[in-house]
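Colleague: Got a structure here, written out as structure tokens. Questions coming.
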Amino acid sequence: MFIVSVTPLKGKLGFAITLIIMSLITTSTISWIRRDRKAAVSSVSGVLVFVAAAFVLMPLMSILYEIIRLGIGGLSWGIFTSDMSKTSADAPIAEGGLLHAIIGTLYLVIFATIASAPIGFLTALYIVEVKGRFAGTVRFFVQAMSGVPSIVAGLFIYAVWMIGLGNSYNSIAGAGALTILMIPTVARVSEEVLKLIPNDLREAGLALGATQWRTVAMIVLPAAKSGLVTAIVLGVARVAGETAPLLLTIGGSDQINFNPAAGNNSALPFYVWKNYSFGSEQAVARAWLGILILMILVFFLFSIARYFGRLKDRSR
Amino acid sequence: MIGSGDNANQNREESMNKVGTNQSGVTNTNRVQSSQGSLASVARTSSDNKDASRVVSGSGLEARNIHAWFGKKMVLEDISMDFAPGSVTALIGPSGCGKSTFIRILNRMHEFIPTAALAGQVILDGKDVYEPGVDVTKIRLKIGMVFQKPNPFPSMTIRENVLSGLKLSQIKISNPDELLESCLRRAGLWDEVKDRLSEYGGALSGGQQQRLCIARSLAVNPQVLLMDEPCSALDPGSTLRIEETIRELSESMCIIIVTHNMQQAARVSDDTGFFLSDGGPGKLIEIGSTSQIFSNPKEARTEDYVSGRFG
């Protein structure tokens, strides 16, 4: 074809580009013949929008496909029941497991959520509902905080919690670093959600003789409930895959550690990083397995959050 | 700037337009045009129909020398009105003349707008609601409000919506079911929703939602009900239902309604106040019994407005 001969695009890519251009030409010609110029422009923009959407979906689908393709081979019941304390990283993948990493990640996500959800919500309430004198300043700092590189959060906890206060590696420290990363996401999303609640509802509450506090607690927050759950979900999504701050805070471990407050612990991203850097064929397969499990875990947490967010919210 | 008391007391007698006495129609109305004639006759019929000997509990509401500002801009200048118990007062006038601001001043909703300032007094039960130390939530319990857009609480069922005022203001009562039924009956909604009280308020039609909002404001037993264009988002059928409700409610309380619908003002109100702003602050141009305003207004501008020549 013409495109293949004059451009370096060959094979599948050349085929895709040719297909797009051909479909553009065909649809616009057909519309022009059957209707007029406006219809042709409309159909061309329709195709372009579709192509753009496809380009966005393509990497996502390809990532999902690769993770499942490479990770699914390692799935077995054993990985959920054992850790890596008695298995070396280049042992066959059927040996050992990643229960220690799952437990570590659950601890991190749960503690980070418990810490950051109230702080994030209250920050959003301060900005949107209280509209205090420092609302603008607070919003500015929340936005600035959401741009903090994750390793800086880890380093901060390392400097303050460990060097400064003399603690050692544990899950709580890791959750602290993730909290710093999660608060701005939760605060910003809940701020947007609270802004969407129509002012009419607040006025109606106040006009019924409620104080501002009761209006917020009984009308604004219930109306915003599913949005606030989304804020937490997005916050968890932000931190669940973080690796860099964990390197400085949880220490890493091959053993199950049920105590979040003492001793080194692992986490799924940490497990992935460690096995990938080991480098043998079996270890890399373990890394892919870890990614798959992390994705499943995050998806599972989302589903639970969505379910509880939608309960008693069937009016819409 | 809240409560410039001295000035208000001096000027009260001169500046206050005494209304609220139910005058019985108007006789010689030669100035009236044909289009206006129909409105006038509507107004006369509705005021004649009203039972003059009804018993009304509670006192009315008095606004004295109300001035209001948004930032440096004066939006209301020297408004004084009386609202008698058991009467319906309609406030008419073109958009932007301060009617809504005025009724929001009456139950202190005005002060939520950050730059809003106010002078004057609003007297309820002989006391200024803007006096320092007055509990604003108590005032809003006595002066209820229905908004332009129906706004039932989306997270509550119909039943919870009606009783929400009690919960919000922490009032406990022994028989919520009785109150629920009586409020919904008074708002003319009971028959339509009695079998679906546990559905969400958002499932109702627009007109039903607005009547639900009326029922909700009735639950805390207010003496005064403010309505800010309650029918502007509704179809004629729902509007009619709400007007019937207003007529029934006016037996027992004082109702103040802002409306752009002249027919509506003529149909439901006993008294009508006409607001106008000539680019500056809004002023109360004329107030009188509804039949007089629509058939024989004193002011040429009122006549121009009610006859549809501008606005």
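Residues in the structure tokens are numbered from 1 in each chain, the chains being A, B, ... in the order shown, and ligands are numbered from 1 in the order shown.
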Select all residues from chain A having any atom no more than 6 Å from an atom of chain B (counting only C-alpha atoms, ignoring ligands), output as a PyMOL selection string.
Modeller: chain A and resi 207-210+222-223+315
Colleague: I'd like the neighbourhood of region 275-277 of chain B as a PyMOL selection string, where a residue qualifies if any of its atoms comes within 7 Å (using only C-alpha atoms), though same-chain residues fewer than 2 positions away should be ignored.
Modeller: chain B and resi 92-94+97+99+273+279-285
Colleague: Skip Glu286 (chain B) itself and residues of its chain fewer than 4 positions away, then list as a ChimeraX atom specification all residues within 12 Å of it, counting only C-alpha atoms.
Modeller: /B:15-19,79-81,90-93,271-276,290,292-294,296-303,305-306
Colleague: Write a file of the selected residues as an mmCIF file, in the first residue's frame, keeping N, CA and C atoms.
Modeller:
```cif
data_model
loop_
_atom_site.group_PDB
_atom_site.id
_atom_site.type_symbol
_atom_site.label_atom_id
_atom_site.label_comp_id
_atom_site.auth_asym_id
_atom_site.auth_seq_id
_atom_site.Cartn_x
_atom_site.Cartn_y
_atom_site.Cartn_z
ATOM 1 N N SER B 15 -44.284 56.042 57.714
ATOM 2 C CA SER B 15 -43.855 55.306 56.523
ATOM 3 C C SER B 15 -44.567 53.978 56.360
ATOM 4 N N MET B 16 -45.205 53.536 57.416
ATOM 5 C CA MET B 16 -45.770 52.197 57.292
ATOM 6 C C MET B 16 -47.095 52.230 56.556
ATOM 7 N N ASN B 17 -47.221 51.349 55.629
ATOM 8 C CA ASN B 17 -48.486 51.250 54.919
ATOM 9 C C ASN B 17 -49.306 50.190 55.617
ATOM 10 N N LYS B 18 -50.395 50.632 56.187
ATOM 11 C CA LYS B 18 -51.208 49.663 56.922
ATOM 12 C C LYS B 18 -51.976 48.787 55.947
ATOM 13 N N VAL B 19 -51.695 47.518 56.007
ATOM 14 C CA VAL B 19 -52.441 46.593 55.175
ATOM 15 C C VAL B 19 -52.856 45.441 56.046
ATOM 16 N N ILE B 79 -38.172 49.520 53.208
ATOM 17 C CA ILE B 79 -39.396 48.743 53.005
ATOM 18 C C ILE B 79 -40.067 48.547 54.357
ATOM 19 N N SER B 80 -41.320 48.935 54.457
ATOM 20 C CA SER B 80 -42.087 48.654 55.669
ATOM 21 C C SER B 80 -43.389 47.996 55.262
ATOM 22 N N MET B 81 -43.667 46.853 55.850
ATOM 23 C CA MET B 81 -44.896 46.141 55.511
ATOM 24 C C MET B 81 -45.415 45.436 56.749
ATOM 25 N N ALA B 90 -49.086 38.685 48.539
ATOM 26 C CA ALA B 90 -48.276 38.392 47.361
ATOM 27 C C ALA B 90 -47.320 39.554 47.128
ATOM 28 N N LEU B 91 -46.095 39.246 46.770
ATOM 29 C CA LEU B 91 -45.140 40.269 46.392
ATOM 30 C C LEU B 91 -44.876 40.116 44.901
ATOM 31 N N ILE B 92 -45.192 41.158 44.133
ATOM 32 C CA ILE B 92 -44.971 41.075 42.696
ATOM 33 C C ILE B 92 -43.976 42.142 42.284
ATOM 34 N N GLY B 93 -43.476 42.021 41.086
ATOM 35 C CA GLY B 93 -42.535 42.992 40.553
ATOM 36 C C GLY B 93 -41.586 42.306 39.604
ATOM 37 N N ASP B 271 -53.606 40.467 50.031
ATOM 38 C CA ASP B 271 -52.931 41.750 49.850
ATOM 39 C C ASP B 271 -51.804 41.558 48.845
ATOM 40 N N THR B 272 -51.473 42.629 48.164
ATOM 41 C CA THR B 272 -50.400 42.547 47.191
ATOM 42 C C THR B 272 -49.483 43.742 47.360
ATOM 43 N N GLY B 273 -48.187 43.460 47.330
ATOM 44 C CA GLY B 273 -47.207 44.542 47.357
ATOM 45 C C GLY B 273 -46.458 44.550 46.046
ATOM 46 N N PHE B 274 -46.247 45.731 45.508
ATOM 47 C CA PHE B 274 -45.568 45.839 44.217
ATOM 48 C C PHE B 274 -44.184 46.446 44.430
ATOM 49 N N PHE B 275 -43.161 45.687 44.063
ATOM 50 C CA PHE B 275 -41.776 46.139 44.193
ATOM 51 C C PHE B 275 -41.275 46.589 42.837
ATOM 52 N N LEU B 276 -40.413 47.598 42.844
ATOM 53 C CA LEU B 276 -39.816 48.038 41.582
ATOM 54 C C LEU B 276 -38.453 48.632 41.869
ATOM 55 N N THR B 290 -55.463 43.052 47.373
ATOM 56 C CA THR B 290 -55.201 42.556 46.029
ATOM 57 C C THR B 290 -56.199 43.106 45.018
ATOM 58 N N GLN B 292 -57.720 45.869 45.093
ATOM 59 C CA GLN B 292 -57.439 47.271 44.797
ATOM 60 C C GLN B 292 -56.224 47.409 43.881
ATOM 61 N N ILE B 293 -55.186 46.614 44.172
ATOM 62 C CA ILE B 293 -53.971 46.721 43.352
ATOM 63 C C ILE B 293 -54.287 46.356 41.902
ATOM 64 N N PHE B 294 -55.116 45.359 41.716
ATOM 65 C CA PHE B 294 -55.353 44.920 40.340
ATOM 66 C C PHE B 294 -56.450 45.709 39.634
ATOM 67 N N ASN B 296 -57.630 49.061 40.838
ATOM 68 C CA ASN B 296 -57.621 50.506 41.000
ATOM 69 C C ASN B 296 -56.343 50.950 41.682
ATOM 70 N N PRO B 297 -55.196 50.664 41.083
ATOM 71 C CA PRO B 297 -53.943 51.018 41.755
ATOM 72 C C PRO B 297 -53.758 52.520 41.830
ATOM 73 N N LYS B 298 -53.118 52.955 42.898
ATOM 74 C CA LYS B 298 -52.905 54.388 43.071
ATOM 75 C C LYS B 298 -51.781 54.888 42.183
ATOM 76 N N GLU B 299 -50.800 54.016 41.993
ATOM 77 C CA GLU B 299 -49.614 54.434 41.261
ATOM 78 C C GLU B 299 -49.717 54.053 39.794
ATOM 79 N N ALA B 300 -49.302 54.950 38.927
ATOM 80 C CA ALA B 300 -49.336 54.660 37.494
ATOM 81 C C ALA B 300 -48.418 53.488 37.165
ATOM 82 N N ARG B 301 -47.266 53.389 37.871
ATOM 83 C CA ARG B 301 -46.319 52.311 37.569
ATOM 84 C C ARG B 301 -46.906 50.950 37.920
ATOM 85 N N THR B 302 -47.652 50.905 39.011
ATOM 86 C CA THR B 302 -48.309 49.654 39.384
ATOM 87 C C THR B 302 -49.281 49.238 38.303
ATOM 88 N N GLU B 303 -50.044 50.209 37.834
ATOM 89 C CA GLU B 303 -51.037 49.900 36.809
ATOM 90 C C GLU B 303 -50.351 49.402 35.542
ATOM 91 N N TYR B 305 -47.592 47.860 35.343
ATOM 92 C CA TYR B 305 -47.051 46.509 35.542
ATOM 93 C C TYR B 305 -48.166 45.468 35.540
ATOM 94 N N VAL B 306 -49.220 45.711 36.319
ATOM 95 C CA VAL B 306 -50.251 44.671 36.420
ATOM 96 C C VAL B 306 -51.034 44.540 35.131
#
```
Colleague: Need to verify the contact set: region 257-260 of chain A, 8 Å, only C-alpha atoms, exclusion of same-chain residues closer than 6 positions in sequence. Can you return it as a PyMOL selection string?
Modeller: chain A and resi 100+103-104+107+170-172
Colleague: Skipping near chain neighbours, those fewer than 2 positions away, what residues fall within 12 Å of region 49-51 of chain A using only C-alpha atoms, listed as a VMD selection string?
Modeller: chain A and resid 16 to 17 19 to 21 23 to 24 42 to 47 53 to 58
Colleague: Would you work out the distance separating CA of Gly237 (chain B) from CA of Met262 (chain B), expressed in Å to one decimal?
Modeller: 16.6 Å
Colleague: Leu228 (chain A): which residues within 12 Å, counting only C-alpha atoms, same-chain residues fewer than 5 positions away excluded, as a PyMOL selection string?
Modeller: chain A and resi 117-118+120-122+124-125+185-197+220-223+233-235+305-306+308-310
Colleague: Suppose you want the space between CA of Trp288 (chain A) and CA of Asp83 (chain A); what is it in Å?
Modeller: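 Interatomic distance, CA of Trp288 (chain A) to CA of Asp83 (chain A): 16.3 Å.
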Colleague: Leaving out Leu268 (chain A) and any residue of its chain fewer than 5 positions from it, which residues lie within 9 Å of it when counting only C-alpha atoms, given as a ChimeraX atom specification?
Modeller: /A:98,100-105,240-241,243,273,290-291,293-294
Colleague: Can those selected residues be exported to a file as a CSV table (one decimal), in the first residue's frame so that it contains N, CA and C atoms?
Modeller:
```csv
chain,number,residue,atom,x,y,z
A,98,LEU,N,2.6,-15.6,48.4
A,98,LEU,CA,2.7,-14.2,48.7
A,98,LEU,C,1.7,-13.7,49.8
A,100,HIS,N,2.3,-13.2,52.8
A,100,HIS,CA,2.9,-12.1,53.6
A,100,HIS,C,2.8,-10.7,52.9
A,101,ALA,N,2.9,-10.7,51.6
A,101,ALA,CA,2.7,-9.4,50.9
A,101,ALA,C,1.3,-9.0,50.9
A,102,ILE,N,0.3,-9.9,50.8
A,102,ILE,CA,-1.1,-9.5,50.8
A,102,ILE,C,-1.4,-8.9,52.1
A,103,ILE,N,-1.0,-9.6,53.2
A,103,ILE,CA,-1.3,-9.1,54.5
A,103,ILE,C,-0.6,-7.7,54.7
A,104,GLY,N,0.6,-7.6,54.3
A,104,GLY,CA,1.3,-6.3,54.4
A,104,GLY,C,0.5,-5.2,53.7
A,105,THR,N,0.1,-5.5,52.4
A,105,THR,CA,-0.6,-4.4,51.7
A,105,THR,C,-2.0,-4.1,52.3
A,240,ALA,N,-2.1,2.3,46.5
A,240,ALA,CA,-2.0,0.9,46.7
A,240,ALA,C,-0.7,0.4,45.9
A,241,GLY,N,-0.4,1.0,44.8
A,241,GLY,CA,0.7,0.5,44.0
A,241,GLY,C,2.0,1.2,44.3
A,243,THR,N,5.5,2.0,45.6
A,243,THR,CA,6.7,1.2,46.0
A,243,THR,C,7.7,2.0,46.7
A,273,TRP,N,8.8,-5.7,43.2
A,273,TRP,CA,10.1,-5.0,43.0
A,273,TRP,C,11.2,-6.0,43.3
A,290,GLY,N,2.6,-11.2,41.4
A,290,GLY,CA,2.3,-10.2,42.4
A,290,GLY,C,1.5,-9.0,41.8
A,291,ILE,N,1.8,-8.6,40.6
A,291,ILE,CA,1.0,-7.5,40.0
A,291,ILE,C,-0.4,-7.9,39.8
A,293,ILE,N,-2.1,-10.1,41.5
A,293,ILE,CA,-2.8,-10.2,42.7
A,293,ILE,C,-3.1,-8.8,43.3
A,294,LEU,N,-2.2,-7.9,43.1
A,294,LEU,CA,-2.4,-6.5,43.5
A,294,LEU,C,-3.6,-5.9,42.8
```
Colleague: Calculate how many Å separate CA of Ile183 (chain A) from CA of Val239 (chain A), rounding to one decimal.
Modeller: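 The value is 10.3 Å.
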Colleague: Let's see if you can do this: from backbone DSSP, list all helix (DSSP H, G or I) residues in region 83-216 of chain A, as a ChimeraX atom specification.
Modeller: /A:99-130,135-145,150-164,171-196,199-207,212-216
Colleague: Could you give me the residues within region 36-234 of chain B that DSSP places in strand (DSSP E or B), as a ChimeraX atom specification?
Modeller: /B:61-70,73-83,88-92,116-124,127-128,143-146,157,200,224-228
Colleague: Using only C-alpha atoms, can you tell me which of B:Asp228, B:Asp82, B:Glu192, B:Glu77 comes closest to Cys254 (chain B)?
Modeller: B:Asp82
